[in-house]
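model_0.cif (mmCIF, C-alpha atoms)
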data_coords
loop_
_atom_site.label_atom_id
_atom_site.label_comp_id
_atom_site.auth_asym_id
_atom_site.auth_seq_id
_atom_site.Cartn_x
_atom_site.Cartn_y
_atom_site.Cartn_z
CA MET A 1 0.00 0.00 0.00
CA GLY A 2 1.15 3.52 -0.71
CA PHE A 3 0.84 6.53 1.49
CA ASN A 4 -2.74 7.37 2.45
CA PRO A 5 -3.22 10.96 3.58
CA SER A 6 -6.85 10.36 4.63
CA ILE A 7 -6.45 8.06 7.61
CA PRO A 8 -7.57 7.52 10.26
CA GLN A 9 -11.19 8.51 9.91
CA PRO A 10 -13.11 9.60 13.03
CA GLY A 11 -15.12 6.40 13.34
CA ASP A 12 -12.33 3.94 12.52
CA PHE A 13 -11.48 1.20 14.95
CA LEU A 14 -7.83 0.79 15.81
CA GLY A 15 -7.95 -2.72 14.41
CA ILE A 16 -8.40 -1.18 10.96
CA SER A 17 -6.30 1.90 11.48
CA GLN A 18 -3.33 -0.06 12.78
CA LYS A 19 -2.51 -1.47 9.33
CA GLN A 20 -3.09 1.90 7.68
CA ILE A 21 -0.89 3.79 10.14
CA LEU A 22 1.82 1.13 9.86
CA SER A 23 1.65 1.38 6.08
CA ASN A 24 1.93 5.15 6.15
CA TYR A 25 4.95 5.07 8.44
CA GLN A 26 6.63 2.59 6.10
CA ALA A 27 5.69 4.59 3.01
CA ILE A 28 7.19 7.72 4.55
CA ALA A 29 10.40 5.88 5.42
CA ASN A 30 10.64 4.39 1.92
CA ALA A 31 10.07 7.74 0.23
CA TRP A 32 12.67 9.31 2.48
CA LEU A 33 15.17 6.66 1.39
CA GLU A 34 15.27 8.41 -1.97
CA ASN A 35 18.14 10.88 -1.83
CA HIS A 36 18.24 11.02 1.98
CA VAL A 37 20.03 9.34 4.85
CA PRO A 38 17.50 6.75 6.15
CA LEU A 39 15.08 7.97 8.78
CA THR A 40 15.96 4.96 10.90
CA ASN A 41 19.61 6.00 11.10
CA VAL A 42 20.98 7.43 14.29
CA GLU A 43 23.38 9.87 12.59
CA ASN A 44 22.97 12.40 9.79
CA VAL A 45 19.20 11.97 9.56
CA GLY A 46 17.80 14.68 7.32
CA MET A 47 20.94 14.99 5.22
CA HIS A 48 21.21 13.88 1.62
CA GLU A 49 23.17 11.09 -0.03
CA VAL A 50 22.49 12.36 -3.52
CA LEU A 51 20.44 14.97 -5.27
CA THR A 52 18.57 13.25 -8.08
CA LEU A 53 16.68 15.72 -10.21
CA ARG A 54 13.80 14.85 -12.49
CA PRO A 55 13.22 17.07 -15.52
CA GLN A 56 10.96 20.06 -15.05
CA GLY A 57 8.64 21.21 -17.79
CA ASN A 58 8.98 24.84 -16.77
CA ASP A 59 11.49 26.94 -14.89
CA PRO A 60 10.43 27.00 -11.24
CA ALA A 61 9.33 30.29 -9.75
CA THR A 62 11.68 31.84 -7.20
CA ALA A 63 10.58 34.32 -4.60
CA LEU A 64 12.64 36.95 -2.82
CA GLY A 65 15.46 35.23 -0.97
CA GLN A 66 15.07 31.94 -2.86
CA VAL A 67 17.14 30.29 -5.57
CA ALA A 68 16.45 27.05 -7.41
CA LEU A 69 18.58 24.24 -8.79
CA TYR A 70 16.74 21.97 -11.20
CA ASN A 71 16.90 19.75 -14.24
CA LYS A 72 15.62 20.90 -17.60
CA LEU A 73 15.94 19.09 -20.91
CA VAL A 74 18.01 20.78 -23.61
CA ALA A 75 17.68 18.97 -26.93
CA SER A 76 16.42 15.98 -24.90
CA VAL A 77 19.52 15.99 -22.69
CA PRO A 78 18.93 16.77 -18.99
CA GLN A 79 21.02 19.70 -17.80
CA LEU A 80 21.50 21.43 -14.46
CA PHE A 81 20.00 24.90 -14.22
CA TYR A 82 20.20 27.63 -11.61
CA ARG A 83 17.59 30.31 -11.26
CA PRO A 84 18.30 33.36 -9.13
CA SER A 85 15.70 34.92 -6.89
CA LEU A 86 12.65 36.79 -8.15
CA ASN A 87 12.33 34.74 -11.33
CA GLN A 88 15.45 36.14 -12.89
CA THR A 89 16.88 34.58 -16.03
CA PRO A 90 17.72 30.87 -15.60
CA ILE A 91 21.37 29.95 -16.15
CA GLN A 92 22.48 26.60 -17.55
CA MET A 93 25.20 25.25 -15.26
CA SER A 94 26.22 22.03 -17.03
CA ASN A 95 27.16 21.10 -20.55
CA ALA A 96 27.77 17.76 -22.19
CA ASN A 97 30.76 19.24 -24.03
CA LEU A 98 33.28 17.85 -21.61
CA ASN A 99 36.42 16.16 -22.82
CA THR A 100 39.20 15.72 -20.32
CA ILE A 101 41.84 13.13 -19.77
CA GLN A 102 44.15 12.82 -16.88
CA THR A 103 47.79 12.66 -15.92
CA GLY A 104 50.36 12.36 -18.65
CA ALA A 105 47.95 13.03 -21.43
CA PRO A 106 49.28 14.64 -24.60
CA GLY A 107 48.47 18.29 -25.11
CA ASN A 108 45.82 17.89 -27.75
CA THR A 109 42.50 19.60 -27.24
CA GLN A 110 40.74 19.15 -23.96
CA SER A 111 37.62 20.95 -22.94
CA SER A 112 35.44 21.88 -20.06
CA PHE A 113 32.54 24.26 -19.60
CA ILE A 114 31.50 27.37 -17.79
CA ALA A 115 28.04 28.58 -16.95
CA GLY A 116 26.11 29.97 -19.84
CA PRO A 117 26.80 27.37 -21.11
CA PHE A 118 30.07 27.96 -22.92
CA THR A 119 32.62 25.32 -23.82
CA VAL A 120 36.23 26.14 -22.96
CA TYR A 121 38.98 24.51 -25.01
CA MET A 122 42.65 24.45 -24.30
CA GLY A 123 45.58 22.74 -25.96
CA TYR A 124 48.75 23.25 -27.93
CA VAL A 125 50.38 22.42 -31.22
CA ALA A 126 54.02 21.39 -31.02
CA ASN A 127 56.24 22.00 -34.03
CA CYS A 128 53.50 24.16 -35.41
CA PRO A 129 53.80 24.93 -39.13
CA ASN A 130 52.43 28.11 -40.58
CA SER A 131 48.74 27.80 -41.55
CA GLN A 132 48.01 25.01 -39.11
CA LEU A 133 44.33 24.05 -39.02
CA VAL A 134 42.93 23.28 -35.56
CA THR A 135 39.53 21.65 -35.12
CA VAL A 136 38.21 21.58 -31.56
CA THR A 137 36.15 18.75 -30.14
CA PRO A 138 33.42 18.44 -29.01
CA SER A 139 32.12 20.78 -31.65
CA SER A 140 30.67 24.21 -30.96
CA THR A 141 30.71 27.63 -32.61
CA LEU A 142 33.87 29.44 -31.59
CA ILE A 143 33.44 32.96 -30.25
CA TYR A 144 36.93 33.50 -28.81
CA VAL A 145 40.37 32.21 -29.75
CA GLY A 146 43.54 33.25 -27.94
CA LEU A 147 47.03 32.11 -28.89
CA SER A 148 50.38 32.21 -27.19
CA THR A 149 53.46 31.55 -29.22
CA VAL A 150 56.10 29.71 -27.31
CA LYS A 151 59.53 28.99 -28.62
CA THR A 152 60.95 26.00 -26.86
CA ASN A 153 64.16 26.05 -28.91
CA ALA A 154 65.97 29.20 -27.85
CA GLY A 155 68.63 28.83 -30.51
CA SER A 156 66.30 28.59 -33.44
CA GLY A 157 66.08 32.21 -34.39
CA PRO A 158 65.37 35.75 -33.28
CA GLN A 159 62.58 35.35 -30.83
CA SER A 160 61.30 38.88 -31.11
CA THR A 161 59.99 38.40 -34.62
CA TYR A 162 57.22 35.90 -34.32
CA VAL A 163 53.62 36.46 -33.51
CA ALA A 164 50.86 33.91 -33.88
CA THR A 165 47.33 34.87 -34.76
CA PRO A 166 44.21 32.86 -35.45
CA ILE A 167 42.58 33.33 -38.84
CA ASN A 168 39.59 31.82 -40.58
CA ILE A 169 37.67 31.26 -37.36
CA THR A 170 34.71 29.32 -38.65
CA GLY A 171 32.44 27.05 -36.65
CA ASP A 172 34.61 24.66 -34.70
CA ASN A 173 37.93 25.37 -36.37
CA PHE A 174 40.54 28.02 -36.86
CA THR A 175 43.89 28.35 -38.55
CA ILE A 176 47.10 29.32 -36.79
CA THR A 177 49.41 31.55 -38.71
CA HIS A 178 52.68 32.96 -37.47
CA ALA A 179 54.79 35.69 -38.93
CA ASN A 180 58.19 34.13 -39.18
CA LEU A 181 58.51 31.18 -41.51
CA SER A 182 62.07 30.61 -40.37
CA LEU A 183 60.94 29.89 -36.84
CA VAL A 184 61.86 26.37 -35.84
CA ASN A 185 59.98 24.23 -33.40
CA PRO A 186 57.44 26.75 -32.15
CA THR A 187 54.90 25.49 -29.70
CA ILE A 188 51.66 27.38 -29.88
CA TYR A 189 49.18 27.21 -27.03
CA TYR A 190 45.57 28.10 -27.56
CA MET A 191 42.54 28.80 -25.48
CA ALA A 192 39.17 29.02 -27.15
CA ILE A 193 35.59 29.50 -26.08
CA GLY A 194 32.63 28.21 -28.01
CA GLN A 195 28.89 28.49 -27.66
CA MET B 196 24.97 18.60 41.02
CA THR B 197 24.62 18.14 37.29
CA GLN B 198 21.32 17.35 35.73
CA PRO B 199 21.10 14.01 33.96
CA THR B 200 21.11 14.46 30.19
CA ASP B 201 18.24 13.14 28.13
CA PRO B 202 18.95 9.74 26.66
CA THR B 203 19.24 9.56 22.89
CA PRO B 204 15.69 9.11 21.59
CA PRO B 205 14.97 5.93 19.65
CA PRO B 206 15.18 6.28 15.87
CA TYR B 207 12.18 6.36 13.57
CA ASN B 208 10.33 3.05 13.82
CA THR B 209 8.75 1.53 10.70
CA GLN B 210 7.21 -1.41 12.61
CA ILE B 211 4.56 0.41 14.62
CA PRO B 212 1.79 0.08 15.54
CA GLU B 213 1.61 -3.67 16.00
CA PRO B 214 -1.76 -5.41 15.62
CA ASP B 215 -2.51 -5.67 19.31
CA THR B 216 -1.35 -2.18 20.19
CA THR B 217 -3.76 0.18 21.85
CA ILE B 218 -3.70 3.93 21.40
CA ALA B 219 -2.65 4.31 25.00
CA ASN B 220 0.28 1.95 24.52
CA ALA B 221 1.28 3.34 21.14
CA GLN B 222 1.03 7.03 21.97
CA THR B 223 4.68 7.46 22.89
CA LEU B 224 5.73 5.48 19.80
CA PHE B 225 3.56 7.62 17.55
CA GLN B 226 4.87 10.77 19.12
CA ASN B 227 8.47 9.58 18.77
CA ASN B 228 7.99 8.91 15.05
CA PHE B 229 6.43 12.33 14.54
CA GLU B 230 9.29 13.99 16.42
CA ARG B 231 11.93 12.09 14.45
CA LEU B 232 10.20 13.06 11.18
CA PHE B 233 10.06 16.66 12.32
CA GLU B 234 13.72 16.65 13.27
CA ALA B 235 14.72 15.02 9.99
CA PHE B 236 12.84 17.70 8.06
CA ASN B 237 14.54 20.39 10.10
CA THR B 238 17.86 19.26 8.64
CA ASP B 239 18.38 20.71 5.17
CA HIS B 240 14.65 21.32 4.66
CA VAL B 241 12.22 24.08 5.51
CA PRO B 242 10.49 22.88 8.73
CA LEU B 243 7.21 21.03 8.47
CA ILE B 244 5.52 23.65 10.59
CA ASP B 245 6.56 26.49 8.28
CA ALA B 246 3.44 28.18 6.95
CA ILE B 247 4.86 29.09 3.54
CA ASN B 248 7.60 26.79 2.25
CA PRO B 249 7.41 23.31 3.83
CA GLY B 250 9.03 20.80 1.46
CA ASN B 251 11.59 23.28 0.09
CA HIS B 252 15.26 23.00 0.90
CA ASN B 253 17.41 25.41 2.84
CA VAL B 254 20.65 23.65 2.00
CA ILE B 255 21.84 20.33 0.58
CA GLN B 256 24.32 18.51 2.78
CA LEU B 257 25.68 15.52 0.92
CA VAL B 258 27.24 12.66 2.80
CA GLU B 259 30.11 10.89 1.05
CA LEU B 260 29.14 8.08 -1.32
CA PRO B 261 31.53 5.18 -2.01
CA ILE B 262 30.56 4.95 -5.69
CA GLY B 263 28.74 7.05 -8.25
CA GLU B 264 24.97 7.15 -8.06
CA ALA B 265 22.88 5.41 -10.72
CA THR B 266 20.68 7.57 -12.94
CA GLN B 267 17.67 6.73 -15.03
CA SER B 268 16.56 8.30 -18.29
CA GLN B 269 16.14 12.09 -18.06
CA GLU B 270 17.65 12.17 -14.58
CA ILE B 271 20.81 13.84 -13.42
CA ALA B 272 22.45 13.14 -10.08
CA ILE B 273 24.68 15.30 -7.93
CA TYR B 274 26.64 13.71 -5.12
CA SER B 275 29.91 13.80 -3.23
CA LYS B 276 32.75 11.31 -3.35
CA LYS B 277 36.21 11.15 -1.88
CA VAL B 278 39.00 11.98 -4.32
CA ASP B 279 42.51 10.73 -3.69
CA GLY B 280 44.79 13.55 -2.66
CA GLN B 281 41.87 15.90 -2.18
CA THR B 282 38.78 15.82 0.02
CA ASP B 283 35.18 15.04 -0.75
CA GLN B 284 34.27 16.65 -4.04
CA LEU B 285 31.05 17.26 -5.90
CA PHE B 286 30.26 14.99 -8.86
CA MET B 287 27.55 15.02 -11.48
CA ARG B 288 26.31 12.11 -13.54
CA TYR B 289 24.27 12.32 -16.70
CA GLN B 290 21.14 10.34 -17.46
CA GLY B 291 21.04 6.56 -17.87
CA ASN B 292 24.22 5.96 -15.86
CA GLY B 293 25.99 8.18 -18.34
CA LYS B 294 29.14 10.22 -18.02
CA GLU B 295 30.24 10.99 -14.49
CA PHE B 296 32.45 13.99 -13.95
CA GLN B 297 33.91 15.96 -11.12
CA LEU B 298 32.23 19.33 -10.71
CA THR B 299 34.48 20.77 -8.04
CA GLN B 300 38.21 20.53 -7.72
CA TYR B 301 40.70 20.71 -4.90
CA GLN B 302 40.30 23.52 -2.38
CA ILE B 303 40.28 27.17 -3.29
CA TYR B 304 42.33 29.39 -1.07
CA ALA B 305 44.18 32.66 -1.36
CA LEU B 306 47.73 32.48 -2.62
CA PRO B 307 50.35 34.74 -1.09
CA ILE B 308 51.50 37.76 -3.09
CA LEU B 309 55.12 37.16 -4.12
CA GLN B 310 57.61 39.94 -3.49
CA LEU B 311 61.34 40.56 -3.72
CA ASN B 312 62.82 43.35 -1.65
CA GLY B 313 59.35 44.76 -1.16
CA VAL B 314 58.53 44.80 -4.86
CA ILE B 315 55.58 42.69 -5.95
CA TYR B 316 56.38 40.41 -8.87
CA GLN B 317 53.46 37.98 -8.90
CA LYS B 318 49.83 38.01 -7.85
CA GLY B 319 48.50 34.52 -8.43
CA TYR B 320 45.13 32.87 -8.23
CA PHE B 321 43.72 29.51 -9.13
CA THR B 322 40.35 28.01 -9.73
CA PHE B 323 38.92 25.01 -11.54
CA LEU B 324 36.73 23.96 -14.42
CA PRO B 325 34.52 20.87 -14.29
CA GLY B 326 36.21 17.69 -15.38
CA GLY B 327 39.39 18.04 -13.40
CA ILE B 328 40.86 21.14 -15.02
CA ILE B 329 42.89 23.54 -12.85
CA VAL B 330 43.15 27.15 -13.99
CA TYR B 331 46.10 29.24 -12.81
CA PHE B 332 45.96 32.93 -13.54
CA GLY B 333 47.28 36.24 -12.37
CA GLN B 334 49.76 38.99 -13.09
CA VAL B 335 53.56 39.02 -13.12
CA ILE B 336 56.26 41.62 -13.46
CA PRO B 337 59.26 39.53 -14.53
CA PHE B 338 62.79 40.23 -13.39
CA GLY B 339 65.90 38.34 -14.28
CA ASN B 340 66.49 35.77 -16.95
CA PRO B 341 65.09 33.22 -16.59
CA PHE B 342 62.03 34.27 -14.64
CA PHE B 343 59.67 31.73 -13.09
CA ILE B 344 55.91 32.15 -12.91
CA SER B 345 54.93 30.10 -9.88
CA LEU B 346 52.14 27.54 -10.31
CA GLU B 347 50.63 26.84 -6.92
CA PRO B 348 49.38 24.39 -5.88
CA ALA B 349 51.78 22.25 -7.88
CA ILE B 350 49.44 19.34 -8.52
CA CYS B 351 49.25 19.18 -12.31
CA GLY B 352 50.94 16.42 -14.25
CA ASN B 353 49.93 17.96 -17.54
CA ILE B 354 49.79 21.59 -18.67
CA LEU B 355 47.23 22.04 -21.42
CA GLY B 356 47.52 25.66 -22.36
CA ILE B 357 49.28 28.91 -21.54
CA ASN B 358 48.40 32.44 -22.55
CA LEU B 359 50.43 35.54 -21.80
CA CYS B 360 49.11 39.03 -22.35
CA PRO B 361 51.23 42.17 -21.93
CA ILE B 362 49.72 45.08 -20.06
CA GLY B 363 50.15 48.65 -21.13
CA GLY B 364 52.34 48.11 -24.17
CA ILE B 365 56.10 47.75 -24.19
CA GLY B 366 57.92 49.09 -27.21
CA SER B 367 56.02 47.70 -30.17
CA GLY B 368 53.37 46.44 -27.79
CA LEU B 369 54.70 42.93 -27.99
CA VAL B 370 56.29 41.05 -25.16
CA GLN B 371 57.99 37.93 -26.39
CA SER B 372 59.24 35.15 -24.19
CA ASN B 373 60.57 31.70 -24.60
CA VAL B 374 58.45 29.49 -22.41
CA SER B 375 59.18 26.16 -20.86
CA LEU B 376 57.84 24.30 -17.89
CA THR B 377 59.55 23.12 -14.75
CA ALA B 378 58.38 20.19 -12.68
CA ILE B 379 59.21 18.37 -9.48
CA ASN B 380 58.26 14.73 -9.19
CA GLY B 381 56.19 14.99 -12.33
CA LYS B 382 54.12 17.91 -11.08
CA PHE B 383 54.55 21.23 -12.86
CA ASN B 384 55.41 24.01 -10.45
CA ALA B 385 56.42 26.89 -12.69
CA ILE B 386 56.40 28.43 -16.14
CA GLN B 387 59.92 29.45 -17.04
CA LEU B 388 60.27 32.60 -19.12
CA THR B 389 63.52 33.36 -20.83
CA SER B 390 64.38 36.41 -22.90
CA THR B 391 61.32 38.21 -21.66
CA SER B 392 61.34 41.96 -21.47
CA THR B 393 62.33 43.09 -17.99
CA ASN B 394 59.52 44.74 -16.10
CA ALA B 395 57.09 43.68 -18.83
CA ASN B 396 53.95 43.64 -16.75
CA GLN B 397 51.72 40.86 -18.07
CA TYR B 398 48.75 38.69 -17.31
CA TYR B 399 49.07 34.94 -17.50
CA ILE B 400 46.62 32.08 -17.56
CA ALA B 401 47.46 28.38 -17.65
CA PHE B 402 45.33 25.27 -17.73
CA GLY B 403 46.31 21.88 -16.43
CA ASN B 404 44.89 18.62 -15.23
CA ILE B 405 45.95 16.39 -12.42
#

Can the structure from this file be put into structure tokens for me?
Amino acid sequence: MGFNPSIPQPGDFLGISQKQILSNYQAIANAWLENHVPLTNVENVGMHEVLTLRPQGNDPATALGQVALYNKLVASVPQLFYRPSLNQTPIQMSNANLNTIQTGAPGNTQSSFIAGPFTVYMGYVANCPNSQLVTVTPSSTLIYVGLSTVKTNAGSGPQSTYVATPINITGDNFTITHANLSLVNPTIYYMAIGQ
Amino acid sequence: MTQPTDPTPPPYNTQIPEPDTTIANAQTLFQNNFERLFEAFNTDHVPLIDAINPGNHNVIQLVELPIGEATQSQEIAIYSKKVDGQTDQLFMRYQGNGKEFQLTQYQIYALPILQLNGVIYQKGYFTFLPGGIIVYFGQVIPFGNPFFISLEPAICGNILGINLCPIGGIGSGLVQSNVSLTAINGKFNAIQLTSTSTNANQYYIAFGNI
């Protein structure tokens, strides 16, 4: 039996109500098991073990002094949203465009995200030739590309003459060009933001 | 003479009332269950007796989970897990037991301003991006050759990107440096600049993962 909010009735005998009350107590405890430390625990009762969020059809209303965290589907993918107080504009806090690998990984493109959502890419091209095409993954539309030219071989030429710039920034790719064709072994770092 | 402290009340009981219980016998059990429910709601949640917002949350305290939480279709889950070398961190998992990733990273704290003979040469900060990315950023005024931009905390085994941006324009407006990385025990602790313009005030940002 599920939870029954209408018991006991005024004329009920305890013989009937006993099963109903027992059932309600168990239903409450079972419902509380979702996300929470069990009611029957001695410690941490009331705290959460996880926050599982079901998708909401609409952004929840927020009053003065309230904020809301919730799940809303974006292109059928559930994402975490934050809404400030007084029904201000909801902000998407998560993004499936996440591509990171751990210790010792090569310096090819990795990505994370920031609220908005925007995808942040970072990486480098070693031994970068002039007119090097870079395609970032996961794909997004680039709205910022920053380059740093780094010469790891100090003896390879006059270091004051090279500058790297991104050109042909289109969709999820850009081209690195640098001014000095005689430059040997440049490493070019990039940081890009896509939307 | 000290007063005796109240004994710890019994926890919530899912086995009451029993078939042969009378109201008189069960009253204290009922009351205990109501009190334990009330107390549980008082933790993290707006109290049950609140006239306006009962059922809402005031805060979410997450106890440490040993493994990632399962998710069904259209669900996302947020939880905390212990991370080696760090403390409990916040994780998120996508629907259908999908991708799990770390939302928070390490501990944020203020880094000391670095000075030499009373002259500030580095103001550093760090933060994180979801997925285990550390972001170091700040401002340096290099001196000497080479000059080292400190990367604290030195916990990254891989530097993903570096950007340097001169401030205020020096000469042609360009500040050129040779850049390399220094590491101790496989963890990068500094960006080494050589041939940089002395006193070339510049911003830096670097990305790395552990």

Starting from the PyMOL selection byres ((chain B and resi 205) around 12), expand the selection into actual residues of this file and give them as a PDB file with C-alpha atoms, keeping the file's coordinate frame.
ATOM      1  CA  LEU A  39      15.080   7.970   8.780  1.00  0.00           C
ATOM      2  CA  THR A  40      15.960   4.960  10.900  1.00  0.00           C
ATOM      3  CA  ASN A  41      19.610   6.000  11.100  1.00  0.00           C
ATOM      4  CA  VAL A  42      20.980   7.430  14.290  1.00  0.00           C
ATOM      5  CA  GLU A  43      23.380   9.870  12.590  1.00  0.00           C
TER       6      GLU A  43
ATOM      7  CA  ASP B 201      18.240  13.140  28.130  1.00  0.00           C
ATOM      8  CA  PRO B 202      18.950   9.740  26.660  1.00  0.00           C
ATOM      9  CA  THR B 203      19.240   9.560  22.890  1.00  0.00           C
ATOM     10  CA  PRO B 204      15.690   9.110  21.590  1.00  0.00           C
ATOM     11  CA  PRO B 206      15.180   6.280  15.870  1.00  0.00           C
ATOM     12  CA  TYR B 207      12.180   6.360  13.570  1.00  0.00           C
ATOM     13  CA  ASN B 208      10.330   3.050  13.820  1.00  0.00           C
ATOM     14  CA  THR B 209       8.750   1.530  10.700  1.00  0.00           C
ATOM     15  CA  THR B 223       4.680   7.460  22.890  1.00  0.00           C
ATOM     16  CA  LEU B 224       5.730   5.480  19.800  1.00  0.00           C
ATOM     17  CA  PHE B 225       3.560   7.620  17.550  1.00  0.00           C
ATOM     18  CA  GLN B 226       4.870  10.770  19.120  1.00  0.00           C
ATOM     19  CA  ASN B 227       8.470   9.580  18.770  1.00  0.00           C
ATOM     20  CA  ASN B 228       7.990   8.910  15.050  1.00  0.00           C
ATOM     21  CA  PHE B 229       6.430  12.330  14.540  1.00  0.00           C
ATOM     22  CA  GLU B 230       9.290  13.990  16.420  1.00  0.00           C
ATOM     23  CA  ARG B 231      11.930  12.090  14.450  1.00  0.00           C
TER      24      ARG B 231
END

Around (8.2, 19.5, 7.1) in the file's own coordinates, what residues are found within 12 Å if you use only C-alpha atoms, given back as a PyMOL selection string? (chain A and resi 46) or (chain B and resi 229-253)

Starting from the shown file, work through the PyMOL selection byres ((chain B and resi 323) around 9) and note down what comes out as a PyMOL selection string. chain B and resi 298-301+303+321-322+324-331+402

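Residues matching the PyMOL selection byres ((chain B and resi 317) around 6) in this structure come to Leu309, Ile315, Tyr316, Lys318, Gln334 and Val335 of chain B.
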
Writer output for current selection, C-alpha atoms, as a tab-separated table (two decimals), in the frame of the given file:
chain	number	residue	atom	x	y	z
B	309	LEU	CA	55.12	37.16	-4.12
B	315	ILE	CA	55.58	42.69	-5.95
B	316	TYR	CA	56.38	40.41	-8.87
B	318	LYS	CA	49.83	38.01	-7.85
B	334	GLN	CA	49.76	38.99	-13.09
B	335	VAL	CA	53.56	39.02	-13.12

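All residues of protein, DNA or RNA that reach within 10 Å of Ile7 in chain A, judged by only C-alpha atoms and not counting those fewer than 2 positions away in the chain, are Phe3, Asn4, Pro5, Gln9, Pro10, Asp12, Ser17, Gln20, Ile21 and Asn24 of chain A.
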
Fewer than 5 positions away in the same chain doesn't count, so skip those; otherwise give me all residues within 7 Å of Met122 in chain A, counting all atoms listed in the file, as a PyMOL selection string. (chain A and resi 109-111+190-192) or (chain B and resi 355-356)

Write a file of the selected residues as a short mmCIF file (atom, residue, chain, number, x, y, z; two decimals), in the frame of the given file, keeping C-alpha atoms.
data_model
loop_
_atom_site.label_atom_id
_atom_site.label_comp_id
_atom_site.auth_asym_id
_atom_site.auth_seq_id
_atom_site.Cartn_x
_atom_site.Cartn_y
_atom_site.Cartn_z
CA THR A 109 42.50 19.60 -27.24
CA GLN A 110 40.74 19.15 -23.96
CA SER A 111 37.62 20.95 -22.94
CA TYR A 190 45.57 28.10 -27.56
CA MET A 191 42.54 28.80 -25.48
CA ALA A 192 39.17 29.02 -27.15
CA LEU B 355 47.23 22.04 -21.42
CA GLY B 356 47.52 25.66 -22.36
#

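When CA of Phe81 in chain A is paired with CA of Val258 in chain B, their separation reads 22.2 Å.
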
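Closest approach to chain A among B:Ile273, B:Ile386, B:Ala401, B:Ala395: B:Ile273, based on only C-alpha atoms.
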
Skipping near chain neighbours, those fewer than 4 positions away, what residues fall within 8 Å of Ile91 in chain A using all atoms listed in the file, listed as an mmCIF file with C-alpha atoms, in the coordinates of the input?
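So the final result, stored in around_0.cif, reads:
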data_model
loop_
_atom_site.group_PDB
_atom_site.id
_atom_site.type_symbol
_atom_site.label_atom_id
_atom_site.label_comp_id
_atom_site.auth_asym_id
_atom_site.auth_seq_id
_atom_site.Cartn_x
_atom_site.Cartn_y
_atom_site.Cartn_z
ATOM 1 C CA PHE A 81 20.000 24.900 -14.220
ATOM 2 C CA TYR A 82 20.200 27.630 -11.610
ATOM 3 C CA ARG A 83 17.590 30.310 -11.260
ATOM 4 C CA ALA A 115 28.040 28.580 -16.950
ATOM 5 C CA GLY A 116 26.110 29.970 -19.840
ATOM 6 C CA PRO A 117 26.800 27.370 -21.110
#

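Ranking A:Thr100, A:Leu64, A:Pro186, A:His36 by their shortest atom-to-atom distance to Pro84 in chain A, with all atoms listed in the file included, puts A:Leu64 first.
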
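You will find CA of Asn292 in chain B at 4.9 Å from CA of Thr266 in chain B.
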
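Across the structure, CA of Leu69 in chain A and CA of Thr119 in chain A are spaced 20.6 Å apart.
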
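Distance annotation: of B:Leu257, B:Ala219, B:Ile308, B:Leu346, the residue with the minimal separation from chain A is B:Leu257; atom set is all atoms listed in the file.
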
With distances taken over all atoms listed in the file, which of A:Thr175, A:Ser139, A:Thr89, A:Ser23 is nearest to chain B? A:Ser23

Taking the point (41.6, 25.0, -31.8) as given in the file, collect each protein or nucleic acid residue that comes within 10 Å of it, counting all atoms listed in the file, and present the set as a PyMOL selection string. chain A and resi 108-110+121-125+132-137+142+145-147+166+169+172-176+189-193

Same residues, C-alpha atoms, saved as a PDB file, in the frame of the given file:
ATOM      1  CA  ASN A 108      45.820  17.890 -27.750  1.00  0.00           C
ATOM      2  CA  THR A 109      42.500  19.600 -27.240  1.00  0.00           C
ATOM      3  CA  GLN A 110      40.740  19.150 -23.960  1.00  0.00           C
ATOM      4  CA  TYR A 121      38.980  24.510 -25.010  1.00  0.00           C
ATOM      5  CA  MET A 122      42.650  24.450 -24.300  1.00  0.00           C
ATOM      6  CA  GLY A 123      45.580  22.740 -25.960  1.00  0.00           C
ATOM      7  CA  TYR A 124      48.750  23.250 -27.930  1.00  0.00           C
ATOM      8  CA  VAL A 125      50.380  22.420 -31.220  1.00  0.00           C
ATOM      9  CA  GLN A 132      48.010  25.010 -39.110  1.00  0.00           C
ATOM     10  CA  LEU A 133      44.330  24.050 -39.020  1.00  0.00           C
ATOM     11  CA  VAL A 134      42.930  23.280 -35.560  1.00  0.00           C
ATOM     12  CA  THR A 135      39.530  21.650 -35.120  1.00  0.00           C
ATOM     13  CA  VAL A 136      38.210  21.580 -31.560  1.00  0.00           C
ATOM     14  CA  THR A 137      36.150  18.750 -30.140  1.00  0.00           C
ATOM     15  CA  LEU A 142      33.870  29.440 -31.590  1.00  0.00           C
ATOM     16  CA  VAL A 145      40.370  32.210 -29.750  1.00  0.00           C
ATOM     17  CA  GLY A 146      43.540  33.250 -27.940  1.00  0.00           C
ATOM     18  CA  LEU A 147      47.030  32.110 -28.890  1.00  0.00           C
ATOM     19  CA  PRO A 166      44.210  32.860 -35.450  1.00  0.00           C
ATOM     20  CA  ILE A 169      37.670  31.260 -37.360  1.00  0.00           C
ATOM     21  CA  ASP A 172      34.610  24.660 -34.700  1.00  0.00           C
ATOM     22  CA  ASN A 173      37.930  25.370 -36.370  1.00  0.00           C
ATOM     23  CA  PHE A 174      40.540  28.020 -36.860  1.00  0.00           C
ATOM     24  CA  THR A 175      43.890  28.350 -38.550  1.00  0.00           C
ATOM     25  CA  ILE A 176      47.100  29.320 -36.790  1.00  0.00           C
ATOM     26  CA  TYR A 189      49.180  27.210 -27.030  1.00  0.00           C
ATOM     27  CA  TYR A 190      45.570  28.100 -27.560  1.00  0.00           C
ATOM     28  CA  MET A 191      42.540  28.800 -25.480  1.00  0.00           C
ATOM     29  CA  ALA A 192      39.170  29.020 -27.150  1.00  0.00           C
ATOM     30  CA  ILE A 193      35.590  29.500 -26.080  1.00  0.00           C
TER      31      ILE A 193
END
